[in-house]
file my_file-v4.pdb (PDB, C-alpha atoms)
ATOM      1  CA  MET A   1     141.407 103.569  97.367
ATOM      2  CA  ILE A   2     142.798 100.046  97.600
ATOM      3  CA  ALA A   3     144.534  98.745  94.505
ATOM      4  CA  GLU A   4     143.469  95.301  93.342
ATOM      5  CA  ASP A   5     146.947  93.975  94.119
ATOM      6  CA  ASP A   6     146.532  95.107  97.737
ATOM      7  CA  ALA A   7     143.181  93.390  98.257
ATOM      8  CA  VAL A   8     143.158  90.523 100.737
ATOM      9  CA  PRO A   9     142.344  87.238  98.989
ATOM     10  CA  THR A  10     139.235  85.529 100.327
ATOM     11  CA  ASP A  11     137.469  82.258  99.768
ATOM     12  CA  PRO A  12     134.772  83.247  97.248
ATOM     13  CA  SER A  13     132.423  80.574  98.599
ATOM     14  CA  ALA A  14     132.574  81.876 102.190
ATOM     15  CA  PRO A  15     130.646  84.997 103.125
ATOM     16  CA  ARG A  16     132.691  87.886 104.436
ATOM     17  CA  ARG A  17     132.281  88.726 108.105
ATOM     18  CA  LEU A  18     132.176  92.026 109.975
ATOM     19  CA  ALA A  19     132.702  92.204 113.753
ATOM     20  CA  LEU A  20     131.908  95.496 115.476
ATOM     21  CA  VAL A  21     132.258  96.650 119.070
ATOM     22  CA  ALA A  22     129.780  99.338 120.195
ATOM     23  CA  SER A  23     130.800 100.831 123.542
ATOM     24  CA  LYS A  24     128.952 104.142 123.572
ATOM     25  CA  GLY A  25     125.255 104.583 124.264
ATOM     26  CA  THR A  26     124.516 108.028 122.888
ATOM     27  CA  LEU A  27     122.242 108.701 119.926
ATOM     28  CA  ASP A  28     125.097 109.868 117.710
ATOM     29  CA  GLN A  29     127.184 106.808 118.605
ATOM     30  CA  ALA A  30     124.347 104.329 118.001
ATOM     31  CA  TYR A  31     124.184 105.012 114.278
ATOM     32  CA  PRO A  32     127.706 104.040 113.070
ATOM     33  CA  PRO A  33     127.647 100.372 114.158
ATOM     34  CA  LEU A  34     124.054  99.946 112.953
ATOM     35  CA  ILE A  35     124.783 101.560 109.580
ATOM     36  CA  LEU A  36     127.927  99.492 109.075
ATOM     37  CA  ALA A  37     126.283  96.228 110.146
ATOM     38  CA  THR A  38     123.165  96.679 107.997
ATOM     39  CA  THR A  39     125.290  97.689 105.014
ATOM     40  CA  ALA A  40     127.468  94.612 105.431
ATOM     41  CA  ALA A  41     124.430  92.347 105.807
ATOM     42  CA  SER A  42     122.844  93.941 102.718
ATOM     43  CA  LEU A  43     125.991  92.999 100.813
ATOM     44  CA  GLY A  44     125.637  89.388 101.919
ATOM     45  CA  TRP A  45     128.188  89.560 104.718
ATOM     46  CA  GLU A  46     127.767  88.030 108.153
ATOM     47  CA  ALA A  47     127.720  90.847 110.697
ATOM     48  CA  GLY A  48     127.791  90.966 114.475
ATOM     49  CA  ILE A  49     127.851  93.807 116.966
ATOM     50  CA  TYR A  50     129.210  93.372 120.489
ATOM     51  CA  PHE A  51     127.498  95.862 122.798
ATOM     52  CA  THR A  52     129.586  96.624 125.861
ATOM     53  CA  PHE A  53     129.576  99.260 128.590
ATOM     54  CA  TYR A  54     127.228 102.122 127.646
ATOM     55  CA  GLY A  55     126.688 100.530 124.236
ATOM     56  CA  LEU A  56     124.290  98.169 126.030
ATOM     57  CA  ASP A  57     121.809 101.076 126.075
ATOM     58  CA  ILE A  58     121.372 100.614 122.307
ATOM     59  CA  ILE A  59     119.845  97.161 122.862
ATOM     60  CA  HIS A  60     118.171  97.896 126.213
ATOM     61  CA  ARG A  61     114.359  97.743 125.892
ATOM     62  CA  GLU A  62     113.708 100.820 128.014
ATOM     63  CA  ARG A  63     116.714 102.920 127.038
ATOM     64  CA  LEU A  64     117.046 102.531 123.278
ATOM     65  CA  GLU A  65     114.301 105.022 122.447
ATOM     66  CA  LYS A  66     115.681 107.524 124.968
ATOM     67  CA  LEU A  67     119.243 107.848 123.627
ATOM     68  CA  LYS A  68     120.510 111.417 123.736
ATOM     69  CA  VAL A  69     123.287 113.594 122.336
ATOM     70  CA  ALA A  70     125.139 115.799 124.782
ATOM     71  CA  SER A  71     126.125 119.301 123.777
ATOM     72  CA  LEU A  72     128.518 119.463 126.721
ATOM     73  CA  ALA A  73     132.080 118.500 125.764
ATOM     74  CA  ASN A  74     130.945 117.432 122.301
ATOM     75  CA  PRO A  75     132.701 119.831 119.897
ATOM     76  CA  ALA A  76     131.403 117.991 116.831
ATOM     77  CA  GLY A  77     127.827 117.664 118.102
ATOM     78  CA  PRO A  78     124.698 119.047 116.505
ATOM     79  CA  ILE A  79     124.796 122.151 118.703
ATOM     80  CA  ARG A  80     128.270 123.630 119.019
ATOM     81  CA  LEU A  81     128.258 125.589 122.237
ATOM     82  CA  PRO A  82     130.899 126.604 124.717
ATOM     83  CA  ASN A  83     130.961 124.073 127.580
ATOM     84  CA  LEU A  84     129.557 126.592 130.038
ATOM     85  CA  ILE A  85     126.438 127.110 127.904
ATOM     86  CA  GLY A  86     126.231 123.416 127.015
ATOM     87  CA  ALA A  87     125.857 122.658 130.711
ATOM     88  CA  LEU A  88     122.652 124.692 130.953
ATOM     89  CA  PRO A  89     119.352 122.831 131.391
ATOM     90  CA  GLY A  90     117.806 121.946 128.056
ATOM     91  CA  ALA A  91     121.029 121.904 126.024
ATOM     92  CA  THR A  92     121.069 118.095 125.753
ATOM     93  CA  LEU A  93     117.369 118.072 124.867
ATOM     94  CA  GLY A  94     118.033 120.634 122.127
ATOM     95  CA  ALA A  95     121.037 118.753 120.740
ATOM     96  CA  THR A  96     119.060 115.501 120.735
ATOM     97  CA  ALA A  97     116.109 117.107 118.951
ATOM     98  CA  MET A  98     118.431 118.618 116.353
ATOM     99  CA  MET A  99     120.165 115.263 115.736
ATOM    100  CA  LYS A 100     116.793 113.525 115.319
ATOM    101  CA  LYS A 101     115.715 116.251 112.879
ATOM    102  CA  TRP A 102     118.910 115.847 110.855
ATOM    103  CA  MET A 103     118.358 112.113 110.632
ATOM    104  CA  SER A 104     114.698 112.527 109.723
ATOM    105  CA  ASN A 105     115.527 115.130 107.047
ATOM    106  CA  ALA A 106     118.051 112.684 105.597
ATOM    107  CA  ALA A 107     115.374 109.933 105.571
ATOM    108  CA  MET A 108     117.460 107.868 107.981
ATOM    109  CA  PRO A 109     115.679 105.248 110.064
ATOM    110  CA  THR A 110     115.402 105.800 113.798
ATOM    111  CA  VAL A 111     117.578 103.651 116.058
ATOM    112  CA  PRO A 112     114.675 101.246 116.796
ATOM    113  CA  GLU A 113     113.957 101.001 113.052
ATOM    114  CA  PHE A 114     117.652 100.326 112.351
ATOM    115  CA  ILE A 115     117.687  97.596 114.997
ATOM    116  CA  GLU A 116     114.620  95.983 113.441
ATOM    117  CA  MET A 117     116.176  96.224 109.983
ATOM    118  CA  ALA A 118     119.492  94.802 111.202
ATOM    119  CA  SER A 119     117.733  91.940 112.930
ATOM    120  CA  GLY A 120     115.744  91.190 109.780
ATOM    121  CA  LEU A 121     118.988  91.079 107.801
ATOM    122  CA  GLY A 122     120.482  88.550 110.225
ATOM    123  CA  VAL A 123     122.884  90.860 112.075
ATOM    124  CA  ARG A 124     123.834  89.223 115.365
ATOM    125  CA  PHE A 125     123.625  91.250 118.547
ATOM    126  CA  PHE A 126     125.997  90.210 121.323
ATOM    127  CA  ALA A 127     125.486  91.691 124.800
ATOM    128  CA  CYS A 128     128.633  91.746 126.939
ATOM    129  CA  ALA A 129     128.004  89.406 129.871
ATOM    130  CA  THR A 130     130.575  91.109 132.083
ATOM    131  CA  THR A 131     129.138  94.571 131.501
ATOM    132  CA  MET A 132     125.640  93.248 132.140
ATOM    133  CA  GLY A 133     126.787  92.054 135.562
ATOM    134  CA  VAL A 134     128.587  95.297 136.369
ATOM    135  CA  MET A 135     125.625  97.457 135.342
ATOM    136  CA  GLY A 136     122.868  95.231 136.679
ATOM    137  CA  VAL A 137     121.367  94.555 133.243
ATOM    138  CA  THR A 138     119.430  91.291 132.910
ATOM    139  CA  ALA A 139     118.573  89.261 129.830
ATOM    140  CA  GLY A 140     114.983  90.458 130.236
ATOM    141  CA  ASP A 141     116.162  94.064 129.874
ATOM    142  CA  LEU A 142     117.471  93.388 126.370
ATOM    143  CA  ILE A 143     115.580  93.448 123.091
ATOM    144  CA  ASP A 144     114.627  90.072 121.653
ATOM    145  CA  GLY A 145     117.259  88.158 119.725
ATOM    146  CA  CYS A 146     120.385  89.160 121.655
ATOM    147  CA  ASP A 147     123.081  86.644 122.446
ATOM    148  CA  ILE A 148     124.779  87.093 125.806
ATOM    149  CA  ALA A 149     128.486  86.573 125.307
ATOM    150  CA  GLY A 150     131.652  87.017 127.265
ATOM    151  CA  ALA A 151     134.643  88.708 125.731
ATOM    152  CA  ALA A 152     136.265  85.369 124.847
ATOM    153  CA  ALA A 153     133.200  84.234 122.891
ATOM    154  CA  PHE A 154     133.066  87.466 120.921
ATOM    155  CA  LEU A 155     136.807  87.350 120.274
ATOM    156  CA  ASP A 156     136.313  83.892 118.742
ATOM    157  CA  TYR A 157     133.649  85.392 116.472
ATOM    158  CA  ALA A 158     135.825  88.401 115.632
ATOM    159  CA  ALA A 159     138.947  86.291 115.014
ATOM    160  CA  THR A 160     137.388  84.887 111.858
ATOM    161  CA  ALA A 161     136.047  88.248 110.670
ATOM    162  CA  ASP A 162     137.381  89.924 107.569
ATOM    163  CA  VAL A 163     136.848  93.308 109.186
ATOM    164  CA  GLN A 164     136.948  94.145 112.903
ATOM    165  CA  LEU A 165     136.004  97.615 114.102
ATOM    166  CA  PHE A 166     135.712  99.341 117.463
ATOM    167  CA  VAL A 167     133.270 102.221 117.076
TER     168      VAL A 167
END
call {"tool": "encode", "arguments": {"input": "my_file-v4.pdb", "output": "structure tokens"}}
result
Amino acid sequence: MIAEDDAVPTDPSAPRRLALVASKGTLDQAYPPLILATTAASLGWEAGIYFTFYGLDIIHRERLEKLKVASLANPAGPIRLPNLIGALPGATLGATAMMKKWMSNAAMPTVPEFIEMASGLGVRFFACATTMGVMGVTAGDLIDGCDIAGAAAFLDYAATADVQLFV
């Protein structure tokens, strides 16, 4: 808990800003930046997520509904199996199904629903231009409303953020 004396003073007339970096494109790693960004936006904050490397899958038209959770080398995953068993065919499918069931049982939106909600709340989506080039992703591959930004452009955005997170 932060004591009031430790709180960072802010300009009460300026909205707070959250800058997130999402670099992982698995189902379990898609939720944290979307939850944080929609929460911030719901509180009246400006929020932006910079999707880089495999995080681009979260905003990729064809990939976002196919995000998976691996049971292999994921000791905190929905199915905790020894690596040898986690490498068997169907283990990733099972872990993904279990994660989706957990989220559904908790009344959590799906990733596409979260993206729609975030967009409706004004969360900005930044696609890493460099990663797009490396991975052969085009602007047409991305969901509507994404800004394509280089690292320098996002750093300018993040430099004025009250909170910066790499998730």
call {"tool": "closest_residue", "arguments": {"input": "my_file-v4.pdb", "among": "A:Thr26, A:Thr160, A:Thr52, A:Thr110", "to": "Ala127 (chain A)", "atoms": "only C-alpha atoms"}}
result
A:Thr52
call {"tool": "resolve_selection", "arguments": {"input": "my_file-v4.pdb", "expression": "the PyMOL selection byres ((chain A and resi 100) around 10)", "output": "count of residues only"}}
result
21
call {"tool": "resolve_selection", "arguments": {"input": "my_file-v4.pdb", "expression": "the PyMOL selection byres ((chain A and resi 15-20) around 9)", "output": "PyMOL selection string"}}
result
chain A and resi 10-14+21-22+33+36-37+40-41+44-51+154+157-167
call {"tool": "axis_aligned_box", "arguments": {"input": "my_file-v4.pdb", "around": "region 130-134 of chain A", "padding_each_side": "8 Å", "output": "JSON"}}
result
{"center_x": 128.1, "center_y": 93.2, "center_z": 133.9, "size_x": 20.9, "size_y": 20.2, "size_z": 20.9}
call {"tool": "atom_distance", "arguments": {"input": "my_file-v4.pdb", "atom1": "CA of Leu64 (chain A)", "atom2": "CA of Arg124 (chain A)"}}
result
16.9 Å
call {"tool": "atom_distance", "arguments": {"input": "my_file-v4.pdb", "atom1": "CA of Ser119 (chain A)", "atom2": "CA of Ala30 (chain A)"}}
result
14.9 Å
